[in-house]
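Coordinates from model.cif are shown below (mmCIF, C-alpha atoms).
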```
data_data
#
loop_
_atom_site.label_atom_id
_atom_site.label_comp_id
_atom_site.auth_asym_id
_atom_site.auth_seq_id
_atom_site.Cartn_x
_atom_site.Cartn_y
_atom_site.Cartn_z
CA MET J 6 96.11 130.08 118.62
CA SER J 7 98.42 128.67 121.32
CA ASP J 8 95.50 129.11 123.75
CA VAL J 9 93.43 126.72 121.65
CA LEU J 10 96.36 124.26 121.45
CA ALA J 11 96.92 124.32 125.22
CA MET J 12 93.20 123.71 125.96
CA GLY J 13 93.54 125.32 129.38
CA GLY J 14 95.79 122.50 130.58
CA TYR J 15 93.48 119.76 129.26
CA ALA J 16 95.36 119.30 125.96
CA VAL J 17 96.40 115.72 126.84
CA TYR J 18 92.69 114.74 127.09
CA VAL J 19 91.11 116.94 124.43
CA TRP J 20 93.46 116.34 121.49
CA PRO J 21 93.56 112.53 121.80
CA ALA J 22 89.72 112.60 121.80
CA TYR J 23 89.75 114.56 118.52
CA GLY J 24 92.57 112.43 117.10
CA LEU J 25 90.65 109.23 117.82
CA THR J 26 87.53 110.66 116.22
CA LEU J 27 89.47 111.61 113.10
CA ALA J 28 91.08 108.17 112.95
CA VAL J 29 87.76 106.33 113.34
CA MET J 30 85.88 108.45 110.80
CA GLY J 31 88.74 108.49 108.29
CA GLY J 32 89.27 104.76 108.71
CA LEU J 33 85.57 103.97 108.22
CA ALA J 34 85.30 106.14 105.11
CA LEU J 35 88.47 104.76 103.55
CA ALA J 36 87.76 101.10 104.38
CA SER J 37 84.18 101.31 103.05
CA TRP J 38 85.29 102.99 99.83
CA ARG J 39 88.08 100.50 99.21
CA ARG J 40 85.71 97.60 99.88
CA LEU J 41 83.30 98.93 97.25
CA ARG J 42 86.11 99.32 94.69
CA ALA J 43 87.37 95.79 95.46
CA ARG J 44 83.88 94.31 94.90
CA GLU J 45 83.53 96.19 91.61
CA ARG J 46 86.85 94.76 90.43
CA GLU J 47 85.83 91.27 91.58
CA LEU J 48 82.53 91.46 89.70
CA ARG J 49 84.25 92.65 86.51
CA ALA J 50 86.75 89.77 86.81
CA LEU J 51 83.81 87.36 87.00
CA GLY J 52 82.46 88.81 83.77
CA GLY J 53 79.57 90.76 85.29
CA GLU J 54 79.86 94.44 84.46
CA PRO J 55 78.47 96.25 87.53
CA ARG J 56 76.96 99.22 85.72
CA ARG J 57 75.30 97.37 82.87
CA ALA J 58 74.11 94.58 85.15
CA ARG J 59 72.34 97.07 87.37
CA ARG J 60 70.56 98.69 84.47
CA ARG J 61 69.32 95.33 83.21
CA GLU J 62 67.94 94.48 86.66
CA ASP J 63 66.06 97.73 86.72
CA ALA J 64 64.22 97.14 83.44
CA MET Z 4 43.82 105.50 86.32
CA SER Z 5 45.03 108.71 84.71
CA GLU Z 6 48.63 109.06 83.55
CA HIS Z 7 49.24 111.53 86.38
CA ALA Z 8 47.78 109.30 89.08
CA ARG Z 9 49.82 106.36 87.79
CA ALA Z 10 53.00 108.45 87.97
CA ARG Z 11 52.14 109.48 91.51
CA GLY Z 12 51.37 105.90 92.48
CA ALA Z 13 54.73 104.80 91.11
CA ARG Z 14 56.53 107.53 92.98
CA PHE Z 15 55.05 106.50 96.33
CA ASN Z 16 55.41 102.78 95.82
CA PRO Z 17 58.01 101.63 98.37
CA HIS Z 18 58.79 98.51 96.34
CA ARG Z 19 60.06 100.68 93.53
CA TRP Z 20 62.63 102.24 95.86
CA ALA Z 21 63.46 98.87 97.35
CA ASN Z 22 64.44 97.50 93.93
CA PRO Z 23 68.14 96.72 94.42
CA GLY Z 24 69.28 97.98 90.99
CA ARG Z 25 67.42 101.26 91.34
CA PHE Z 26 68.65 101.64 94.90
CA ALA Z 27 72.28 101.10 93.85
CA ARG Z 28 72.03 103.82 91.21
CA LEU Z 29 70.31 106.25 93.60
CA ALA Z 30 72.96 105.57 96.25
CA GLU Z 31 75.72 106.13 93.71
CA ARG Z 32 74.29 109.54 92.82
CA ALA Z 33 73.60 110.53 96.44
CA VAL Z 34 77.07 109.82 97.86
CA PRO Z 35 79.15 112.71 96.41
CA PRO Z 36 76.77 115.54 97.48
CA LEU Z 37 76.27 113.88 100.89
CA ALA Z 38 80.04 113.68 101.37
CA TRP Z 39 80.41 117.40 100.61
CA VAL Z 40 77.57 118.33 102.98
CA THR Z 41 79.20 116.18 105.68
CA ALA Z 42 82.61 117.83 105.20
CA ALA Z 43 81.08 121.32 105.37
CA LEU Z 44 79.04 120.53 108.51
CA LEU Z 45 82.02 119.00 110.32
CA LEU Z 46 84.23 121.95 109.41
CA VAL Z 47 81.68 124.51 110.64
CA GLY Z 48 81.01 122.45 113.79
CA LEU Z 49 84.73 122.12 114.55
CA VAL Z 50 85.40 125.85 114.20
CA GLY Z 51 82.32 126.64 116.27
CA GLY Z 52 83.19 124.10 118.96
CA LEU Z 53 86.96 124.42 119.22
CA VAL Z 54 87.46 128.11 118.50
CA LEU Z 55 84.25 130.10 119.02
CA ALA Z 56 82.53 128.32 121.92
CA PRO Z 57 83.49 129.49 125.41
CA PRO Z 58 85.04 127.20 128.06
CA ASP Z 59 82.63 125.82 130.67
CA PHE Z 60 82.60 127.76 133.94
CA ARG Z 61 83.19 124.58 135.95
CA GLN Z 62 84.84 122.15 133.52
CA GLY Z 63 87.09 124.66 131.74
CA MET Z 64 88.42 123.63 128.32
CA SER Z 65 87.88 119.90 128.99
CA VAL Z 66 84.29 120.55 127.92
CA LYS Z 67 85.55 120.70 124.30
CA ILE Z 68 85.40 116.91 124.29
CA ILE Z 69 81.61 117.25 124.25
CA TYR Z 70 81.67 118.11 120.49
CA VAL Z 71 82.94 114.64 119.58
CA HIS Z 72 81.69 112.62 122.57
CA VAL Z 73 77.97 113.45 122.47
CA PRO Z 74 77.55 113.17 118.65
CA SER Z 75 79.36 109.77 118.76
CA ALA Z 76 77.07 108.52 121.52
CA TRP Z 77 73.92 109.78 119.77
CA LEU Z 78 75.04 108.18 116.52
CA GLY Z 79 75.82 104.90 118.31
CA LEU Z 80 72.17 104.84 119.46
CA PHE Z 81 70.70 106.12 116.19
CA ALA Z 82 72.65 103.51 114.22
CA TYR Z 83 71.43 100.77 116.55
CA VAL Z 84 67.80 101.77 116.07
CA SER Z 85 68.44 101.75 112.29
CA VAL Z 86 70.00 98.26 112.49
CA ALA Z 87 67.07 96.99 114.57
CA ALA Z 88 64.49 98.52 112.21
CA ALA Z 89 66.24 97.08 109.13
CA SER Z 90 66.50 93.69 110.89
CA ALA Z 91 62.78 93.73 111.72
CA ALA Z 92 62.02 94.53 108.07
CA ALA Z 93 64.35 91.72 106.97
CA LEU Z 94 62.59 89.25 109.29
CA VAL Z 95 59.07 90.29 108.29
CA TRP Z 96 59.39 90.94 104.53
CA ARG Z 97 62.57 88.95 103.81
CA HIS Z 98 63.74 91.75 101.56
CA PRO Z 99 67.45 91.30 100.78
CA LEU Z 100 68.05 95.06 100.82
CA ALA Z 101 66.94 95.32 104.47
CA ASP Z 102 69.41 92.63 105.44
CA ILE Z 103 72.23 94.34 103.52
CA ALA Z 104 71.32 97.65 105.21
CA ALA Z 105 71.45 96.12 108.71
CA HIS Z 106 74.88 94.59 108.14
CA ALA Z 107 76.21 97.70 106.38
CA ALA Z 108 75.23 99.86 109.36
CA SER Z 109 76.20 97.74 112.36
CA PRO Z 110 80.05 97.97 112.10
CA VAL Z 111 79.68 101.75 111.70
CA GLY Z 112 77.45 101.94 114.78
CA ALA Z 113 79.88 99.77 116.72
CA ALA Z 114 82.77 102.08 115.79
CA PHE Z 115 80.89 105.16 117.02
CA THR Z 116 79.80 103.43 120.23
CA ALA Z 117 83.44 102.52 120.92
CA LEU Z 118 84.40 106.11 120.09
CA ALA Z 119 81.80 107.43 122.56
CA LEU Z 120 83.25 105.15 125.27
CA ALA Z 121 86.85 106.18 124.48
CA THR Z 122 86.20 109.92 124.32
CA GLY Z 123 84.05 109.63 127.46
CA SER Z 124 86.96 107.95 129.18
CA LEU Z 125 89.25 110.82 128.14
CA TRP Z 126 86.70 113.25 129.59
CA GLY Z 127 86.07 111.19 132.74
CA LYS Z 128 89.69 111.04 133.79
CA PRO Z 129 90.14 114.82 134.40
CA MET Z 130 86.54 115.42 135.60
CA TRP Z 131 85.73 112.33 137.69
CA GLY Z 132 89.28 111.18 138.39
CA ALA Z 133 88.74 107.79 136.73
CA TRP Z 134 89.01 106.42 133.19
CA TRP Z 135 86.11 104.08 133.83
CA VAL Z 136 83.40 103.55 136.45
CA TRP Z 137 80.77 100.78 136.50
CA ASP Z 138 77.97 103.27 136.37
CA ALA Z 139 74.56 102.75 134.72
CA ARG Z 140 75.16 104.98 131.69
CA LEU Z 141 78.65 103.65 130.98
CA THR Z 142 77.68 100.02 131.54
CA SER Z 143 74.59 100.23 129.30
CA MET Z 144 76.74 101.80 126.53
CA LEU Z 145 79.20 98.93 126.92
CA VAL Z 146 76.27 96.50 126.55
CA LEU Z 147 75.33 98.35 123.33
CA LEU Z 148 78.85 97.74 121.99
CA PHE Z 149 78.54 94.02 122.83
CA LEU Z 150 75.15 93.86 121.07
CA TYR Z 151 76.78 95.30 117.94
CA LEU Z 152 79.67 92.83 118.17
CA GLY Z 153 77.20 89.96 118.65
CA HIS Z 154 75.23 91.12 115.61
CA ILE Z 155 78.40 91.20 113.50
CA ALA Z 156 79.71 87.85 114.79
CA LEU Z 157 76.42 85.89 114.54
CA LYS Z 158 76.12 86.58 110.81
CA GLY Z 159 79.06 84.34 110.04
CA ALA Z 160 78.61 81.84 112.88
CA PHE Z 161 76.50 79.26 110.98
CA ASP Z 162 77.26 76.97 108.06
CA ASP Z 163 74.09 78.17 106.39
CA PRO Z 164 74.40 81.96 105.85
CA ALA Z 165 70.59 82.28 105.99
CA HIS Z 166 70.62 81.01 109.58
CA GLY Z 167 73.32 83.54 110.47
CA ARG Z 168 71.29 86.37 109.00
CA THR Z 169 68.14 85.32 110.88
CA ALA Z 170 69.97 84.87 114.19
CA SER Z 171 71.71 88.24 113.97
CA ALA Z 172 68.44 89.97 112.99
CA ILE Z 173 66.66 88.47 116.02
CA LEU Z 174 69.50 89.60 118.31
CA ALA Z 175 69.32 93.14 116.89
CA VAL Z 176 65.54 93.36 117.40
CA VAL Z 177 65.63 91.96 120.96
CA GLY Z 178 68.59 94.19 121.89
CA VAL Z 179 66.57 97.32 121.19
CA VAL Z 180 65.31 97.16 124.82
CA ASN Z 181 68.77 98.46 125.78
CA VAL Z 182 68.15 101.76 123.96
CA PRO Z 183 65.62 103.27 126.45
CA ILE Z 184 67.75 101.87 129.28
CA ILE Z 185 70.70 103.93 128.02
CA LYS Z 186 68.55 107.00 127.51
CA PHE Z 187 66.99 106.97 130.98
CA SER Z 188 69.94 105.45 132.87
CA VAL Z 189 70.97 108.89 134.11
CA ASP Z 190 67.49 109.44 135.60
CA TRP Z 191 66.78 105.95 136.95
CA TRP Z 192 70.04 105.36 138.78
CA ASN Z 193 72.45 107.48 140.77
CA THR Z 194 75.25 108.06 138.33
CA LEU Z 195 78.29 110.21 137.86
CA HIS Z 196 77.25 110.91 134.28
CA GLN Z 197 75.51 114.22 133.80
CA THR Z 198 71.83 114.19 132.81
CA ALA Z 199 70.43 115.31 129.46
CA SER Z 200 71.26 118.92 128.76
CA VAL Z 201 70.19 119.32 125.13
CA SER Z 202 66.85 117.53 124.84
CA ARG Z 203 65.30 119.88 127.42
CA LEU Z 204 64.57 122.23 124.57
CA ASP Z 205 62.37 124.56 126.63
CA SER Z 206 65.37 125.41 128.80
CA PRO Z 207 68.56 123.86 127.42
CA ALA Z 208 71.22 123.60 130.11
CA MET Z 209 73.91 125.14 127.95
CA PRO Z 210 74.39 128.52 126.28
CA MET Z 211 73.55 128.97 122.61
CA SER Z 212 77.25 129.44 121.78
CA MET Z 213 77.90 125.85 122.92
CA LEU Z 214 74.62 124.39 121.71
CA TRP Z 215 74.82 125.30 118.02
CA PRO Z 216 78.26 123.74 117.34
CA LEU Z 217 77.09 120.58 119.14
CA LEU Z 218 73.95 120.33 117.00
CA VAL Z 219 75.91 121.04 113.79
CA MET Z 220 78.40 118.29 114.72
CA ALA Z 221 75.53 115.89 115.48
CA VAL Z 222 73.95 116.52 112.06
CA GLY Z 223 77.39 116.16 110.43
CA PHE Z 224 77.98 112.81 112.17
CA THR Z 225 74.54 111.65 111.00
CA THR Z 226 75.15 112.58 107.35
CA PHE Z 227 78.57 110.89 107.64
CA PHE Z 228 76.78 107.73 108.81
CA VAL Z 229 74.28 107.86 105.94
CA THR Z 230 77.07 108.40 103.38
CA VAL Z 231 79.24 105.55 104.64
CA VAL Z 232 76.27 103.18 104.97
CA LEU Z 233 75.22 103.91 101.36
CA VAL Z 234 78.76 103.08 100.15
CA ARG Z 235 78.75 99.90 102.24
CA MET Z 236 75.28 98.93 100.95
CA ARG Z 237 76.50 99.27 97.36
CA ALA Z 238 79.38 96.94 98.24
CA GLY Z 239 76.90 94.56 99.92
CA LEU Z 240 74.70 94.49 96.81
CA LEU Z 241 77.72 93.70 94.62
CA GLU Z 242 78.70 90.94 97.06
CA ALA Z 243 75.27 89.36 96.63
CA ARG Z 244 75.66 89.50 92.83
CA ILE Z 245 79.15 88.01 93.02
CA GLN Z 246 77.80 85.21 95.21
CA ALA Z 247 74.95 84.55 92.78
CA LEU Z 248 77.30 84.50 89.78
CA ARG Z 249 79.67 82.08 91.55
CA THR Z 250 76.80 79.76 92.51
CA ALA Z 251 75.43 79.81 88.97
CA ARG Z 252 78.87 79.01 87.58
CA LEU Z 253 79.36 76.10 89.98
CA ARG Z 254 75.96 74.68 89.02
CA ARG Z 255 76.83 74.88 85.34
CA GLU Z 256 80.10 73.07 85.97
CA ASP Z 257 78.27 70.35 87.91
CA ALA Z 258 75.74 69.79 85.14
#
```
Written as structure tokens, that's how I'd like the structure from this file.
Amino acid sequence: MSDVLAMGGYAVYVWPAYGLTLAVMGGLALASWRRLRARERELRALGGEPRRARRREDA
Amino acid sequence: MSEHARARGARFNPHRWANPGRFARLAERAVPPLAWVTAALLLVGLVGGLVLAPPDFRQGMSVKIIYVHVPSAWLGLFAYVSVAAASAAALVWRHPLADIAAHAASPVGAAFTALALATGSLWGKPMWGAWWVWDARLTSMLVLLFLYLGHIALKGAFDDPAHGRTASAILAVVGVVNVPIIKFSVDWWNTLHQTASVSRLDSPAMPMSMLWPLLVMAVGFTTFFVTVVLVRMRAGLLEARIQALRTARLRREDA
């Protein structure tokens, strides 16, 4: 386990690369999800129910 | 036309799938399973890459960066081709869904291009002795990042949003010439960057134990992209509805 953590002396390059990747992917997923929820709230506040409105469009 | 033939015709009619309401419901149903598949692929790829794969005989453990660097770079390119294709469709057919798709995908592609540059920098420092070099592969990837940023910025740069959408779509389509330049940069110019080692499928330049985690990670990054873009497209569709409702309300108040 400590072998994996040490990365053969390259730990200072390898782990930041993985940390950045995690931060970017986590950030993208979270920001996109929160944006969707915010738009749904906004639409409800305007009196357009997202779910029902979509079904009507489809008909 | 028989009932069966009509059902088949409906199933293969692209306009049916391009209906925004139908698309939103399909996307809503597709996101949870896609998210689970993505999580599983990334977990398997990480274990395979970080724990099971051997160190490189010349690069040692620094080669572990490949499992995040190469999938990010591939996705940066794949996302750009998607943005350009959606932009071309938006210009030709003026379908609102194509426009929403292009603008849902481009910030995600930009993030992965930046990630490819950053992880490449972290790999370049120990292997080449420099965080950055003005080499053909690195420079063309930087141009890709600027194309993404231009696409994002142009959308909001005009008073008339329709002009912004058209301008950014044209930029995305024209910028696609950069994609083959990136791909072949390592063959056309003398560069520090190593040449393709996976796409030579007849004789891949890496052992199977390194290749499979890399491919699993690449598929996982791609399903991540699809999942996030679907969520962002749903938000984009709601934005269009909100805009339409607001406009309608303003008109009623004016009347």
Q | Interface list for chain J, partner chain Z, 8 Å threshold, all atoms listed in the file, as a PyMOL selection string | A | chain J and resi 9+12-15+18-19+21-23+25-26+29+33-34+37-38+40-42+44-45+47-48+51+55+59-60+62-63
Q) Written as an MDAnalysis selection string, which residues does the PyMOL selection byres ((chain Z and resi 50) around 12) give for the file shown? A) (chainID J and resid 9) or (chainID Z and resid 43:49 51:57 67 70 212:213 215:217 219:220)
(Q) For a test of reading the model, state the distance in Å between CA of Leu150 in chain Z and CA of Trp131 in chain Z, rounded to one decimal. (A) 27.0 Å
**Q.** Atomic separation - CA of Asp163 in chain Z relative to CA of Arg97 in chain Z, Å
**A.**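 Taking CA of Arg97 in chain Z and CA of Asp163 in chain Z, their separation equals 16.0 Å.
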(Q) Between CA of Val73 in chain Z and CA of Arg61 in chain Z, what distance in Å does the model show, to one decimal? (A)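 If I compute the distance from CA of Val73 in chain Z to CA of Arg61 in chain Z, I get 18.2 Å.
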Q: Considering all atoms listed in the file, return as a list in words whatever protein or nucleic-acid residues lie within 12 Å of Ile173 in chain Z, sequence-local ones (same chain, fewer than 2 positions apart) excluded.
A: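 The neighbour list is Val86, Ala87, Ala88, Ala89, Ser90, Ala91, Ala92, Ala93, Leu94, Val95, Asp102, Ala105, Leu150, Gly153, His154, Leu157, Lys158, His166, Gly167, Arg168, Thr169, Ala170, Ser171, Ala175, Val176, Val177, Gly178 and Val179 of chain Z.
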Atoms kept (N, CA and C atoms) for range 44-74 of chain Z, as a PDB file, in the first residue's frame:
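Below is the file that was written, out-v3.pdb:
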```pdb
ATOM      1  N   LEU Z  44     -17.025   1.965 -14.193  1.00  0.00           N
ATOM      2  CA  LEU Z  44     -15.889   1.971 -15.121  1.00  0.00           C
ATOM      3  C   LEU Z  44     -14.694   2.694 -14.516  1.00  0.00           C
ATOM      4  N   LEU Z  45     -14.935   3.856 -13.895  1.00  0.00           N
ATOM      5  CA  LEU Z  45     -13.829   4.624 -13.336  1.00  0.00           C
ATOM      6  C   LEU Z  45     -13.176   3.873 -12.179  1.00  0.00           C
ATOM      7  N   LEU Z  46     -14.002   3.183 -11.380  1.00  0.00           N
ATOM      8  CA  LEU Z  46     -13.455   2.421 -10.255  1.00  0.00           C
ATOM      9  C   LEU Z  46     -12.565   1.278 -10.760  1.00  0.00           C
ATOM     10  N   VAL Z  47     -13.078   0.527 -11.741  1.00  0.00           N
ATOM     11  CA  VAL Z  47     -12.305  -0.590 -12.296  1.00  0.00           C
ATOM     12  C   VAL Z  47     -11.024  -0.063 -12.957  1.00  0.00           C
ATOM     13  N   GLY Z  48     -11.147   1.028 -13.721  1.00  0.00           N
ATOM     14  CA  GLY Z  48      -9.992   1.604 -14.403  1.00  0.00           C
ATOM     15  C   GLY Z  48      -8.934   2.091 -13.425  1.00  0.00           C
ATOM     16  N   LEU Z  49      -9.385   2.695 -12.302  1.00  0.00           N
ATOM     17  CA  LEU Z  49      -8.448   3.211 -11.300  1.00  0.00           C
ATOM     18  C   LEU Z  49      -7.683   2.075 -10.629  1.00  0.00           C
ATOM     19  N   VAL Z  50      -8.421   1.021 -10.239  1.00  0.00           N
ATOM     20  CA  VAL Z  50      -7.747  -0.119  -9.606  1.00  0.00           C
ATOM     21  C   VAL Z  50      -6.763  -0.748 -10.593  1.00  0.00           C
ATOM     22  N   GLY Z  51      -7.214  -0.931 -11.836  1.00  0.00           N
ATOM     23  CA  GLY Z  51      -6.348  -1.520 -12.850  1.00  0.00           C
ATOM     24  C   GLY Z  51      -5.117  -0.671 -13.118  1.00  0.00           C
ATOM     25  N   GLY Z  52      -5.300   0.657 -13.186  1.00  0.00           N
ATOM     26  CA  GLY Z  52      -4.205   1.545 -13.527  1.00  0.00           C
ATOM     27  C   GLY Z  52      -3.257   1.785 -12.362  1.00  0.00           C
ATOM     28  N   LEU Z  53      -3.827   2.083 -11.187  1.00  0.00           N
ATOM     29  CA  LEU Z  53      -2.976   2.480 -10.061  1.00  0.00           C
ATOM     30  C   LEU Z  53      -2.367   1.282  -9.334  1.00  0.00           C
ATOM     31  N   VAL Z  54      -3.125   0.190  -9.238  1.00  0.00           N
ATOM     32  CA  VAL Z  54      -2.661  -0.926  -8.415  1.00  0.00           C
ATOM     33  C   VAL Z  54      -2.102  -2.068  -9.267  1.00  0.00           C
ATOM     34  N   LEU Z  55      -2.858  -2.510 -10.283  1.00  0.00           N
ATOM     35  CA  LEU Z  55      -2.482  -3.729 -10.994  1.00  0.00           C
ATOM     36  C   LEU Z  55      -1.442  -3.505 -12.081  1.00  0.00           C
ATOM     37  N   ALA Z  56      -1.493  -2.351 -12.779  1.00  0.00           N
ATOM     38  CA  ALA Z  56      -0.585  -2.159 -13.909  1.00  0.00           C
ATOM     39  C   ALA Z  56       0.848  -1.989 -13.414  1.00  0.00           C
ATOM     40  N   PRO Z  57       1.804  -2.507 -14.196  1.00  0.00           N
ATOM     41  CA  PRO Z  57       3.207  -2.416 -13.774  1.00  0.00           C
ATOM     42  C   PRO Z  57       3.771  -1.023 -14.066  1.00  0.00           C
ATOM     43  N   PRO Z  58       4.860  -0.621 -13.380  1.00  0.00           N
ATOM     44  CA  PRO Z  58       5.537   0.622 -13.745  1.00  0.00           C
ATOM     45  C   PRO Z  58       6.222   0.470 -15.102  1.00  0.00           C
ATOM     46  N   ASP Z  59       6.418   1.580 -15.807  1.00  0.00           N
ATOM     47  CA  ASP Z  59       7.086   1.543 -17.105  1.00  0.00           C
ATOM     48  C   ASP Z  59       8.574   1.309 -16.899  1.00  0.00           C
ATOM     49  N   PHE Z  60       9.202   0.560 -17.835  1.00  0.00           N
ATOM     50  CA  PHE Z  60      10.617   0.218 -17.603  1.00  0.00           C
ATOM     51  C   PHE Z  60      11.526   1.435 -17.723  1.00  0.00           C
ATOM     52  N   ARG Z  61      11.068   2.491 -18.440  1.00  0.00           N
ATOM     53  CA  ARG Z  61      11.899   3.689 -18.505  1.00  0.00           C
ATOM     54  C   ARG Z  61      11.358   4.828 -17.638  1.00  0.00           C
ATOM     55  N   GLN Z  62      10.021   4.956 -17.577  1.00  0.00           N
ATOM     56  CA  GLN Z  62       9.444   6.114 -16.892  1.00  0.00           C
ATOM     57  C   GLN Z  62       9.070   5.814 -15.442  1.00  0.00           C
ATOM     58  N   GLY Z  63       9.226   4.555 -15.013  1.00  0.00           N
ATOM     59  CA  GLY Z  63       8.900   4.216 -13.636  1.00  0.00           C
ATOM     60  C   GLY Z  63       7.431   4.466 -13.330  1.00  0.00           C
ATOM     61  N   MET Z  64       7.145   4.885 -12.093  1.00  0.00           N
ATOM     62  CA  MET Z  64       5.759   5.076 -11.666  1.00  0.00           C
ATOM     63  C   MET Z  64       5.145   6.362 -12.217  1.00  0.00           C
ATOM     64  N   SER Z  65       5.961   7.263 -12.785  1.00  0.00           N
ATOM     65  CA  SER Z  65       5.379   8.492 -13.334  1.00  0.00           C
ATOM     66  C   SER Z  65       4.395   8.172 -14.458  1.00  0.00           C
ATOM     67  N   VAL Z  66       4.533   6.990 -15.039  1.00  0.00           N
ATOM     68  CA  VAL Z  66       3.660   6.589 -16.138  1.00  0.00           C
ATOM     69  C   VAL Z  66       2.199   6.465 -15.671  1.00  0.00           C
ATOM     70  N   LYS Z  67       1.968   6.396 -14.362  1.00  0.00           N
ATOM     71  CA  LYS Z  67       0.586   6.285 -13.854  1.00  0.00           C
ATOM     72  C   LYS Z  67      -0.264   7.481 -14.262  1.00  0.00           C
ATOM     73  N   ILE Z  68       0.401   8.595 -14.560  1.00  0.00           N
ATOM     74  CA  ILE Z  68      -0.350   9.790 -14.978  1.00  0.00           C
ATOM     75  C   ILE Z  68      -1.084   9.529 -16.289  1.00  0.00           C
ATOM     76  N   ILE Z  69      -0.605   8.549 -17.058  1.00  0.00           N
ATOM     77  CA  ILE Z  69      -1.226   8.261 -18.356  1.00  0.00           C
ATOM     78  C   ILE Z  69      -2.724   7.966 -18.207  1.00  0.00           C
ATOM     79  N   TYR Z  70      -3.144   7.347 -17.089  1.00  0.00           N
ATOM     80  CA  TYR Z  70      -4.545   6.905 -16.945  1.00  0.00           C
ATOM     81  C   TYR Z  70      -5.517   8.055 -16.765  1.00  0.00           C
ATOM     82  N   VAL Z  71      -5.013   9.247 -16.412  1.00  0.00           N
ATOM     83  CA  VAL Z  71      -5.910  10.412 -16.413  1.00  0.00           C
ATOM     84  C   VAL Z  71      -5.565  11.368 -17.565  1.00  0.00           C
ATOM     85  N   HIS Z  72      -4.294  11.402 -17.964  1.00  0.00           N
ATOM     86  CA  HIS Z  72      -3.875  12.358 -18.991  1.00  0.00           C
ATOM     87  C   HIS Z  72      -4.440  12.008 -20.369  1.00  0.00           C
ATOM     88  N   VAL Z  73      -4.241  10.767 -20.800  1.00  0.00           N
ATOM     89  CA  VAL Z  73      -4.672  10.389 -22.150  1.00  0.00           C
ATOM     90  C   VAL Z  73      -6.206  10.400 -22.287  1.00  0.00           C
ATOM     91  N   PRO Z  74      -6.972   9.827 -21.315  1.00  0.00           N
ATOM     92  CA  PRO Z  74      -8.429   9.939 -21.461  1.00  0.00           C
ATOM     93  C   PRO Z  74      -8.914  11.400 -21.485  1.00  0.00           C
TER      94      PRO Z  74
END
```
